[in-house]
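Shown below: run.txt, with compact mmCIF, C-alpha atoms.
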```txt
# COMPACT_ATOMS: atom_id res chain seq x y z
CA MET A 1 9.55 -11.53 -52.90
CA GLU A 2 7.86 -8.27 -51.95
CA SER A 3 6.68 -8.46 -48.35
CA LEU A 4 2.96 -8.56 -47.82
CA THR A 5 1.41 -5.78 -45.77
CA SER A 6 -1.03 -6.26 -42.91
CA ARG A 7 -2.85 -4.25 -40.27
CA MET A 8 0.06 -4.94 -37.89
CA GLN A 9 2.23 -2.40 -39.71
CA ALA A 10 0.14 0.31 -38.01
CA VAL A 11 0.80 -1.14 -34.54
CA GLN A 12 3.78 0.00 -32.46
CA SER A 13 6.33 -2.64 -31.43
CA PRO A 14 6.08 -3.70 -27.76
CA ILE A 15 8.75 -1.84 -25.80
CA ILE A 16 9.29 -4.40 -23.02
CA PRO A 17 11.09 -6.94 -25.29
CA VAL A 18 13.20 -4.12 -26.78
CA VAL A 19 14.37 -3.01 -23.34
CA GLY A 20 14.71 -6.66 -22.32
CA GLU A 21 17.17 -7.24 -25.15
CA LEU A 22 19.21 -4.20 -24.09
CA ILE A 23 19.31 -5.55 -20.53
CA LYS A 24 20.42 -8.98 -21.77
CA ASN A 25 23.30 -7.35 -23.63
CA SER A 26 24.36 -5.44 -20.51
CA PRO A 27 24.75 -8.05 -17.72
CA GLY A 28 24.28 -6.81 -14.18
CA THR A 29 21.61 -4.28 -15.12
CA ILE A 30 18.90 -3.64 -12.52
CA SER A 31 15.48 -3.27 -14.14
CA LEU A 32 13.06 -0.53 -13.20
CA GLY A 33 11.25 -1.40 -16.41
CA GLN A 34 8.55 -4.06 -16.38
CA GLY A 35 5.52 -3.59 -14.16
CA VAL A 36 5.50 -6.73 -12.03
CA VAL A 37 5.72 -7.51 -8.31
CA SER A 38 8.53 -9.40 -6.58
CA TYR A 39 6.37 -11.69 -4.46
CA ASN A 40 4.77 -15.04 -5.25
CA PRO A 41 1.11 -16.07 -5.31
CA PRO A 42 -0.36 -16.95 -1.92
CA PRO A 43 0.01 -20.59 -0.82
CA GLU A 44 -3.78 -20.97 -1.09
CA ALA A 45 -3.42 -20.70 -4.89
CA ILE A 46 -1.07 -23.68 -5.05
CA GLU A 47 -3.03 -25.67 -2.47
CA LEU A 48 -6.07 -25.76 -4.75
CA LEU A 49 -4.20 -27.34 -7.67
CA PRO A 50 -4.61 -30.95 -6.40
CA LYS A 51 -8.37 -30.37 -6.58
CA PHE A 52 -7.97 -29.47 -10.26
CA LEU A 53 -5.83 -32.58 -10.87
CA ALA A 54 -8.27 -34.85 -9.04
CA GLU A 55 -11.09 -34.12 -11.49
CA PRO A 56 -10.60 -36.23 -14.67
CA ALA A 57 -12.88 -34.01 -16.78
CA ASN A 58 -10.73 -30.93 -16.13
CA ASN A 59 -8.69 -31.68 -19.24
CA LEU A 60 -11.75 -30.73 -21.31
CA TYR A 61 -12.92 -27.29 -22.38
CA LYS A 62 -14.97 -25.43 -19.79
CA SER A 63 -17.38 -22.49 -20.00
CA VAL A 64 -16.16 -19.61 -22.13
CA GLU A 65 -16.94 -17.11 -19.35
CA GLY A 66 -15.20 -19.04 -16.55
CA ILE A 67 -15.83 -21.87 -14.09
CA PRO A 68 -18.84 -21.30 -11.78
CA PRO A 69 -16.95 -21.40 -8.43
CA LEU A 70 -14.57 -18.68 -9.62
CA LEU A 71 -17.42 -16.54 -10.95
CA THR A 72 -19.11 -16.82 -7.55
CA ALA A 73 -15.92 -15.86 -5.69
CA LEU A 74 -15.33 -12.90 -8.00
CA ALA A 75 -18.91 -11.69 -7.50
CA GLU A 76 -18.33 -11.69 -3.74
CA LYS A 77 -15.02 -9.80 -4.12
CA LEU A 78 -16.61 -7.22 -6.42
CA GLN A 79 -19.42 -6.62 -3.94
CA THR A 80 -17.20 -6.28 -0.86
CA PHE A 81 -14.16 -4.45 -2.29
CA ASN A 82 -15.48 -2.55 -5.31
CA GLY A 83 -19.11 -1.99 -4.36
CA ILE A 84 -20.18 -3.55 -7.67
CA GLU A 85 -23.25 -5.77 -7.44
CA ILE A 86 -23.60 -8.50 -10.04
CA ASN A 87 -27.26 -8.53 -11.04
CA GLY A 88 -29.47 -9.00 -14.06
CA GLU A 89 -27.98 -5.97 -15.81
CA ASN A 90 -24.31 -7.02 -15.78
CA CYS A 91 -22.13 -10.12 -15.69
CA ILE A 92 -18.54 -11.36 -15.20
CA VAL A 93 -16.30 -12.88 -17.86
CA VAL A 94 -13.00 -14.44 -16.76
CA THR A 95 -10.18 -13.75 -19.24
CA ALA A 96 -6.54 -14.67 -19.82
CA GLY A 97 -5.33 -11.45 -18.18
CA SER A 98 -6.88 -7.98 -18.32
CA ASN A 99 -5.13 -7.16 -21.62
CA MET A 100 -7.36 -9.80 -23.17
CA ALA A 101 -10.35 -8.29 -21.40
CA PHE A 102 -9.56 -4.97 -23.05
CA MET A 103 -9.24 -6.61 -26.49
CA ASN A 104 -12.56 -8.41 -25.92
CA ALA A 105 -14.22 -5.10 -25.10
CA ILE A 106 -12.83 -3.24 -28.11
CA LEU A 107 -13.83 -5.96 -30.58
CA ALA A 108 -17.28 -6.25 -29.01
CA ILE A 109 -18.21 -2.56 -29.15
CA THR A 110 -16.53 -1.23 -32.32
CA ASN A 111 -16.48 -1.38 -36.08
CA PRO A 112 -13.33 -0.59 -38.08
CA GLY A 113 -12.84 3.18 -38.23
CA ASP A 114 -14.48 3.86 -34.86
CA GLU A 115 -12.73 5.98 -32.23
CA ILE A 116 -11.68 5.26 -28.66
CA ILE A 117 -10.57 8.10 -26.37
CA LEU A 118 -7.35 7.50 -24.44
CA ASN A 119 -5.96 9.89 -21.85
CA THR A 120 -2.25 10.57 -22.28
CA PRO A 121 0.05 9.21 -21.20
CA TYR A 122 -1.77 6.03 -22.19
CA TYR A 123 -1.01 2.36 -21.50
CA PHE A 124 0.70 1.20 -24.68
CA ASN A 125 -1.16 -2.14 -24.97
CA HIS A 126 -4.45 -0.24 -25.05
CA GLU A 127 -3.30 1.88 -27.98
CA MET A 128 -1.97 -1.22 -29.73
CA ALA A 129 -5.25 -3.13 -29.29
CA ILE A 130 -7.23 -0.22 -30.73
CA ALA A 131 -4.97 -0.11 -33.79
CA MET A 132 -5.19 -3.89 -34.24
CA ALA A 133 -8.99 -3.63 -34.29
CA GLY A 134 -8.78 -1.12 -37.15
CA CYS A 135 -9.96 1.70 -34.91
CA ARG A 136 -8.39 5.05 -34.06
CA ALA A 137 -7.12 6.17 -30.66
CA VAL A 138 -8.11 9.79 -30.00
CA LEU A 139 -5.65 11.23 -27.49
CA VAL A 140 -6.68 13.67 -24.76
CA ALA A 141 -3.92 15.15 -22.61
CA THR A 142 -4.23 14.98 -18.83
CA ASP A 143 -3.35 18.06 -16.76
CA GLU A 144 0.08 18.98 -15.33
CA ASN A 145 -0.43 16.41 -12.54
CA TYR A 146 -1.65 13.74 -14.96
CA GLN A 147 -5.22 14.05 -13.70
CA LEU A 148 -8.25 13.72 -15.98
CA ARG A 149 -9.67 16.72 -17.83
CA PRO A 150 -13.36 15.78 -18.22
CA ASP A 151 -14.22 18.90 -20.25
CA ALA A 152 -11.48 18.07 -22.78
CA ILE A 153 -12.72 14.48 -22.95
CA ALA A 154 -16.24 15.68 -23.68
CA GLN A 155 -14.96 17.97 -26.45
CA ALA A 156 -13.09 15.07 -28.09
CA ILE A 157 -16.23 12.95 -28.55
CA THR A 158 -17.45 12.62 -32.13
CA PRO A 159 -20.17 10.51 -33.80
CA LYS A 160 -17.50 7.81 -34.25
CA THR A 161 -16.56 7.65 -30.55
CA ARG A 162 -17.43 4.34 -28.90
CA ALA A 163 -15.67 4.57 -25.52
CA VAL A 164 -13.54 6.57 -23.12
CA VAL A 165 -10.77 4.63 -21.34
CA THR A 166 -9.59 5.48 -17.82
CA ILE A 167 -6.87 3.70 -15.80
CA SER A 168 -6.86 4.28 -12.05
CA PRO A 169 -4.52 3.76 -10.29
CA ASN A 170 -2.68 4.73 -13.43
CA ASN A 171 -0.08 3.05 -15.58
CA PRO A 172 2.34 4.72 -16.37
CA THR A 173 2.02 7.70 -14.00
CA GLY A 174 0.96 6.08 -10.73
CA VAL A 175 -1.66 8.77 -10.08
CA VAL A 176 -5.08 7.91 -8.67
CA TYR A 177 -8.01 9.70 -10.30
CA SER A 178 -10.44 11.47 -7.99
CA GLU A 179 -13.93 10.07 -7.47
CA ALA A 180 -15.36 13.36 -8.75
CA ALA A 181 -13.44 13.18 -12.04
CA LEU A 182 -14.31 9.52 -12.62
CA HIS A 183 -17.95 10.29 -11.86
CA GLN A 184 -17.87 13.16 -14.34
CA VAL A 185 -16.42 10.93 -17.09
CA ASN A 186 -18.96 8.24 -16.28
CA GLN A 187 -21.78 10.76 -16.58
CA ILE A 188 -20.42 12.09 -19.89
CA CYS A 189 -20.39 8.54 -21.28
CA SER A 190 -23.94 7.91 -20.09
CA THR A 191 -25.23 11.15 -21.58
CA ARG A 192 -23.47 10.64 -24.92
CA GLY A 193 -24.40 6.95 -25.23
CA ILE A 194 -20.85 5.57 -25.24
CA TYR A 195 -18.96 3.18 -22.97
CA HIS A 196 -16.65 3.97 -20.07
CA ILE A 197 -13.88 1.32 -20.01
CA SER A 198 -12.34 1.41 -16.54
CA ASP A 199 -9.01 -0.45 -16.20
CA GLU A 200 -8.45 -1.25 -12.51
CA ALA A 201 -5.50 -3.66 -12.64
CA TYR A 202 -3.78 -1.76 -9.80
CA GLU A 203 -6.86 -1.40 -7.61
CA TYR A 204 -5.13 -2.56 -4.39
CA PHE A 205 -2.02 -0.41 -4.80
CA THR A 206 -2.86 2.90 -3.14
CA TYR A 207 -0.88 4.83 -0.52
CA ASN A 208 -1.16 7.67 2.00
CA GLY A 209 -4.76 6.85 2.81
CA VAL A 210 -5.95 7.23 -0.79
CA LYS A 211 -8.88 4.93 -1.62
CA HIS A 212 -9.61 3.17 -4.90
CA VAL A 213 -12.87 4.04 -6.64
CA SER A 214 -14.66 1.76 -9.14
CA PRO A 215 -16.88 3.58 -11.68
CA GLY A 216 -18.90 0.37 -12.02
CA ALA A 217 -20.22 1.04 -8.51
CA PHE A 218 -21.72 4.40 -9.46
CA GLU A 219 -25.50 4.43 -9.47
CA SER A 220 -27.10 3.32 -12.75
CA SER A 221 -23.73 2.75 -14.47
CA SER A 222 -24.28 -0.92 -15.40
CA GLU A 223 -25.52 -0.19 -18.92
CA TYR A 224 -22.42 1.57 -20.22
CA THR A 225 -19.52 0.79 -17.85
CA ILE A 226 -16.98 -1.94 -18.65
CA SER A 227 -14.68 -2.71 -15.70
CA LEU A 228 -11.39 -4.58 -16.16
CA PHE A 229 -9.50 -6.36 -13.37
CA SER A 230 -6.40 -8.53 -13.03
CA LEU A 231 -4.80 -10.97 -10.60
CA SER A 232 -1.38 -10.40 -12.23
CA LYS A 233 -0.29 -7.58 -9.93
CA ALA A 234 -1.85 -7.96 -6.50
CA TYR A 235 -1.61 -11.76 -6.38
CA GLY A 236 1.74 -12.23 -8.15
CA PHE A 237 -0.12 -13.99 -10.95
CA ALA A 238 1.61 -12.52 -14.02
CA SER A 239 2.30 -15.80 -15.83
CA TRP A 240 -0.91 -17.53 -14.73
CA ARG A 241 -2.84 -15.15 -17.02
CA ILE A 242 -6.09 -14.58 -15.16
CA GLY A 243 -8.07 -11.37 -15.37
CA TYR A 244 -11.78 -10.67 -15.54
CA MET A 245 -14.23 -8.08 -16.78
CA VAL A 246 -17.62 -6.84 -15.62
CA ILE A 247 -19.74 -5.95 -18.64
CA PRO A 248 -23.30 -4.84 -19.38
CA LYS A 249 -25.44 -7.93 -19.99
CA HIS A 250 -26.20 -6.80 -23.55
CA LEU A 251 -22.51 -7.28 -24.46
CA PHE A 252 -22.31 -10.83 -23.10
CA VAL A 253 -22.95 -12.64 -26.39
CA SER A 254 -20.49 -10.47 -28.33
CA VAL A 255 -17.73 -10.84 -25.72
CA LYS A 256 -18.27 -14.62 -25.64
CA GLN A 257 -17.96 -14.72 -29.43
CA VAL A 258 -14.62 -12.91 -29.26
CA GLN A 259 -13.26 -15.02 -26.42
CA ASP A 260 -14.46 -18.33 -27.87
CA THR A 261 -12.72 -17.49 -31.14
CA ILE A 262 -9.39 -16.42 -29.63
CA LEU A 263 -9.16 -18.55 -26.49
CA ILE A 264 -12.21 -20.82 -26.08
CA CYS A 265 -11.84 -20.64 -22.29
CA PRO A 266 -9.28 -19.29 -19.82
CA PRO A 267 -6.80 -22.00 -18.70
CA VAL A 268 -8.77 -24.03 -16.18
CA ILE A 269 -5.76 -24.85 -14.00
CA SER A 270 -5.13 -21.11 -13.67
CA GLN A 271 -8.76 -20.54 -12.77
CA TYR A 272 -8.44 -23.04 -9.91
CA ALA A 273 -5.30 -21.22 -8.76
CA ALA A 274 -7.20 -17.92 -8.93
CA LEU A 275 -10.02 -19.39 -6.86
CA GLY A 276 -7.45 -20.39 -4.24
CA ALA A 277 -5.76 -16.97 -4.35
CA LEU A 278 -9.04 -15.21 -3.59
CA GLN A 279 -9.24 -17.27 -0.39
CA ALA A 280 -5.93 -15.89 0.88
CA LYS A 281 -5.99 -14.12 4.22
CA ALA A 282 -6.13 -10.32 4.20
CA GLU A 283 -2.59 -10.23 5.61
CA TYR A 284 -1.24 -11.53 2.30
CA LEU A 285 -2.18 -8.38 0.40
CA GLU A 286 -1.60 -6.05 3.33
CA SER A 287 1.95 -7.20 4.06
CA ASN A 288 3.05 -7.30 0.42
CA ILE A 289 1.60 -3.90 -0.40
CA GLU A 290 3.13 -2.44 2.76
CA ALA A 291 6.53 -3.74 1.61
CA ILE A 292 6.02 -2.05 -1.77
CA ALA A 293 4.96 1.14 0.01
CA GLN A 294 8.31 1.14 1.84
CA VAL A 295 10.18 0.68 -1.45
CA ARG A 296 8.06 3.48 -2.93
CA GLN A 297 9.13 5.89 -0.20
CA LEU A 298 12.77 4.96 -0.63
CA VAL A 299 12.52 5.55 -4.40
CA LEU A 300 10.70 8.86 -3.92
CA ASP A 301 13.29 10.12 -1.43
CA SER A 302 16.07 9.44 -3.93
CA LEU A 303 14.19 10.89 -6.90
CA ASN A 304 13.58 14.10 -4.98
CA ARG A 305 17.32 14.77 -5.29
CA LEU A 306 16.69 15.29 -9.01
CA GLN A 307 14.52 18.39 -8.49
CA GLY A 308 15.54 20.85 -11.20
CA LEU A 309 16.78 18.05 -13.42
CA CYS A 310 13.42 16.26 -13.53
CA SER A 311 9.77 17.00 -12.82
CA ILE A 312 8.37 14.37 -10.47
CA THR A 313 4.57 14.30 -10.18
CA PRO A 314 3.10 13.08 -6.86
CA ALA A 315 1.66 9.60 -7.36
CA ASN A 316 -0.35 7.71 -4.75
CA GLY A 317 -1.04 4.51 -6.66
CA ALA A 318 0.25 1.54 -8.66
CA PHE A 319 4.06 1.15 -8.47
CA TYR A 320 5.28 3.74 -10.93
CA PHE A 321 6.68 7.24 -11.08
CA PHE A 322 6.66 9.14 -14.38
CA LEU A 323 9.55 11.56 -14.76
CA LYS A 324 9.88 14.45 -17.18
CA VAL A 325 13.60 14.96 -17.72
CA ASN A 326 14.71 18.48 -18.59
CA THR A 327 16.69 17.60 -21.70
CA GLN A 328 16.36 17.69 -25.48
CA MET A 329 17.65 14.11 -25.65
CA ASP A 330 15.44 11.45 -27.21
CA ALA A 331 13.88 9.28 -24.48
CA LEU A 332 14.88 5.94 -26.03
CA GLU A 333 18.45 7.16 -26.51
CA LEU A 334 18.55 8.15 -22.84
CA VAL A 335 17.22 4.71 -21.86
CA LYS A 336 19.92 3.03 -23.93
CA ARG A 337 22.67 5.09 -22.32
CA LEU A 338 21.33 4.45 -18.81
CA ILE A 339 21.46 0.70 -19.48
CA GLN A 340 24.82 0.63 -21.25
CA GLU A 341 26.67 3.14 -19.07
CA HIS A 342 24.96 2.85 -15.67
CA LYS A 343 23.36 -0.63 -15.65
CA ILE A 344 19.87 0.65 -14.88
CA ALA A 345 16.77 0.17 -17.06
CA VAL A 346 13.59 2.27 -17.30
CA ILE A 347 10.93 2.65 -20.02
CA PRO A 348 10.86 5.62 -22.45
CA GLY A 349 7.78 7.84 -22.32
CA THR A 350 7.35 7.79 -26.10
CA THR A 351 5.82 4.32 -25.86
CA PHE A 352 3.06 5.85 -23.69
CA GLY A 353 2.30 8.51 -26.31
CA MET A 354 4.47 11.27 -24.78
CA ASP A 355 6.61 12.72 -27.56
CA ASP A 356 6.58 16.40 -26.48
CA GLY A 357 9.61 15.94 -24.22
CA CYS A 358 11.82 13.35 -22.58
CA TYR A 359 9.81 11.16 -20.20
CA LEU A 360 10.74 7.98 -18.29
CA ARG A 361 8.57 5.47 -16.45
CA VAL A 362 10.19 4.14 -13.28
CA ALA A 363 8.69 0.85 -12.00
CA TYR A 364 9.53 -0.23 -8.46
CA GLY A 365 7.12 -3.11 -7.76
CA ALA A 366 9.59 -5.89 -8.55
CA LEU A 367 12.32 -4.70 -6.19
CA GLN A 368 13.28 -5.60 -2.64
CA LYS A 369 14.46 -2.69 -0.49
CA ASP A 370 18.19 -3.41 -0.91
CA THR A 371 17.92 -3.81 -4.69
CA ALA A 372 15.70 -0.75 -4.91
CA LYS A 373 18.25 1.37 -3.08
CA ASP A 374 21.03 0.27 -5.43
CA GLY A 375 18.84 0.64 -8.52
CA ILE A 376 17.51 4.09 -7.75
CA GLU A 377 21.01 5.32 -6.88
CA ARG A 378 22.17 4.15 -10.30
CA LEU A 379 19.28 6.01 -11.93
CA VAL A 380 19.93 9.23 -10.03
CA GLN A 381 23.67 9.13 -10.72
CA GLY A 382 23.08 8.16 -14.35
CA LEU A 383 20.71 11.06 -14.97
CA GLU A 384 23.03 13.47 -13.19
CA THR A 385 25.96 12.28 -15.32
CA ILE A 386 24.24 12.10 -18.69
CA VAL A 387 21.89 15.08 -18.51
CA LEU A 388 23.80 17.66 -16.47
```

Encoded form (structure tokens):
Amino acid sequence: MESLTSRMQAVQSPIIPVVGELIKNSPGTISLGQGVVSYNPPPEAIELLPKFLAEPANNLYKSVEGIPPLLTALAEKLQTFNGIEINGENCIVVTAGSNMAFMNAILAITNPGDEIILNTPYYFNHEMAIAMAGCRAVLVATDENYQLRPDAIAQAITPKTRAVVTISPNNPTGVVYSEAALHQVNQICSTRGIYHISDEAYEYFTYNGVKHVSPGAFESSSEYTISLFSLSKAYGFASWRIGYMVIPKHLFVSVKQVQDTILICPPVISQYAALGALQAKAEYLESNIEAIAQVRQLVLDSLNRLQGLCSITPANGAFYFFLKVNTQMDALELVKRLIQEHKIAVIPGTTFGMDDGCYLRVAYGALQKDTAKDGIERLVQGLETIVL
């Protein structure tokens, strides 16, 4: 029988399972691939679960947008950490991770054939979601340090443009966008009557005194700014699947329609865990991020030995470095050889829209210092062996 076609034929295959299969077939491989942290959720998250279990009605569906105590706690966090006030012009919707928040936003603001501007390198799930919605990703290159180019973004806007997406701290590059550049993009979106989708999943992961900036806190940005957040990274919540979005009030009905259709409501047990996590002491985040900062420095010191072989852009956020390797080799082929010959896994840059050279994303959030040292040594030696 001839296979039936669908919209999914236009969507790239997720790279993480592909690399995961290569790792499985090469036992002993250390992964610098998936973007997760090594630590567990705070004990406060688990301590709140008996409260969930004690309420008989918790097996029933709850509000599409999230349980009221969690919405209240998130509003307080947004005010104190992000400078975003929840008022009559905006609102919070709890989601099953921030990837779902992004999908909600795209379906709520677009029609098939519309355009969304992504800055390259982009986060692959964003590009995939846009394709799934029947829309087109318009790619705008960042500069040589992977910083935003607001003038180029403005030039890429057409009558079909519905939003500009920024990610800061950035996945896959680890760079943190300047407040001035984010403000400029926000102003462009306001002037042109389109949305600014700000993905802030790595908001807590900044180093060397660099501060996170939320465009949703800019004056008069409530009407056109969509802010996406996640507990997956900072709170070790990857499998609990809790994220949230701050949206203009006029999108509330549309976003609820999307979420009710796909999910009905975020898992209530996970929402209780999230409520507990937000009550964790400040030391929880501080100590875990400090440990990642130490791993980051160790990784950076080793990568600096590759000067001449690779271009390493300074990155003060998230837990990634994005390398440009000076070789004509295909990035996926290099990844395969690093796994098979040197037992070290990274992600090819092609999956982030970078096909004008050989790029690799190095993720260090999941590693302890001893594993990180071993892993980065394997990467350095592998690149020196294969590329030189």

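Note that CA of Met128 in chain A and CA of Gly113 in chain A are 14.5 Å apart.
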
Given all atoms listed in the file, how would the per-residue table for range 260-350 of chain A near range 355-379 of chain A read, listing every residue at most 8 Å away with its closest atom pair and distance in Å to one decimal, sorted by chain and number, as a tab-separated table?
```
residue	atom	partner	partner_atom	distance
A:Ile292	CA	A:Gly365	CA	6.2
A:Gln294	CA	A:Lys369	CA	7.6
A:Val295	CA	A:Lys369	CA	5.5
A:Arg296	CA	A:Tyr364	CA	6.8
A:Leu298	CA	A:Lys373	CA	7.0
A:Val299	CA	A:Ile376	CA	6.2
A:Ser302	CA	A:Ile376	CA	6.7
A:Leu303	CA	A:Ile376	CA	7.6
A:Phe319	CA	A:Gly365	CA	5.3
A:Tyr320	CA	A:Ala363	CA	4.6
A:Phe321	CA	A:Val362	CA	5.2
A:Phe322	CA	A:Arg361	CA	4.6
A:Leu323	CA	A:Leu360	CA	5.2
A:Lys324	CA	A:Tyr359	CA	4.5
A:Val325	CA	A:Cys358	CA	5.4
A:Asn326	CA	A:Cys358	CA	7.1
A:Thr327	CA	A:Cys358	CA	6.5
A:Gln328	CA	A:Cys358	CA	6.9
A:Met329	CA	A:Cys358	CA	6.6
A:Asp330	CA	A:Cys358	CA	6.2
A:Ala331	CA	A:Cys358	CA	4.9
A:Leu338	CA	A:Leu379	CA	7.3
A:His342	CA	A:Arg378	CA	6.2
A:Lys343	CA	A:Arg378	CA	7.3
A:Ile344	CA	A:Leu379	CA	6.1
A:Val346	CA	A:Val362	CA	5.6
A:Ile347	CA	A:Arg361	CA	5.1
A:Pro348	CA	A:Leu360	CA	4.8
A:Gly349	CA	A:Tyr359	CA	4.4
A:Thr350	CA	A:Asp355	CA	5.2
```

**Request:** Can you work out which one of A:Ser13, A:Ser26, A:Gln147, A:Thr191 has the shortest atom-to-atom distance to Glu341 in chain A, counting only C-alpha atoms?
**Result:**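 Selected residue with least distance to Glu341 in chain A: A:Ser26.
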
Under the rule of at most 9 Å, produce a per-residue listing of range 159-266 of chain A near range 283-287 of chain A: chain, number, name, the closest pair of atoms, and the distance in Å, as CSV, using only C-alpha atoms.
```
residue,atom,partner,partner_atom,distance
A:Tyr204,CA,A:Leu285,CA,8.1
A:Ala234,CA,A:Leu285,CA,6.9
A:Tyr235,CA,A:Leu285,CA,7.6
```

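Among the candidates A:Leu107, A:Leu71, A:Ala277, A:Met354, the one nearest to Thr173 in chain A when counting all atoms listed in the file is A:Met354.
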
Residue with smallest distance to Tyr123 in chain A - pool A:Ile269, A:Pro17, A:Thr351, A:Asn288, counting only C-alpha atoms |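 Of all the options, A:Thr351 lies closest to Tyr123 in chain A.
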
Range 193-221 of chain A near range 91-98 of chain A within 12 Å: what's each residue's closest atom pair and its distance in Å to one decimal, counting all atoms listed in the file, ordered by chain then ascending residue number, as a tab-separated table?
```
residue	atom	partner	partner_atom	distance
A:Ile197	CA	A:Ser98	CA	11.8
A:Ser198	CA	A:Ser98	CA	11.0
A:Asp199	CA	A:Ser98	CA	8.1
A:Glu200	CA	A:Ser98	CA	9.0
A:Ala201	CA	A:Ser98	CA	7.3
A:Tyr202	CA	A:Ser98	CA	11.0
A:Gly216	CA	A:Cys91	CA	11.6
```

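We find CA of Ser221 in chain A and CA of Ala129 in chain A to be spaced 24.4 Å apart.
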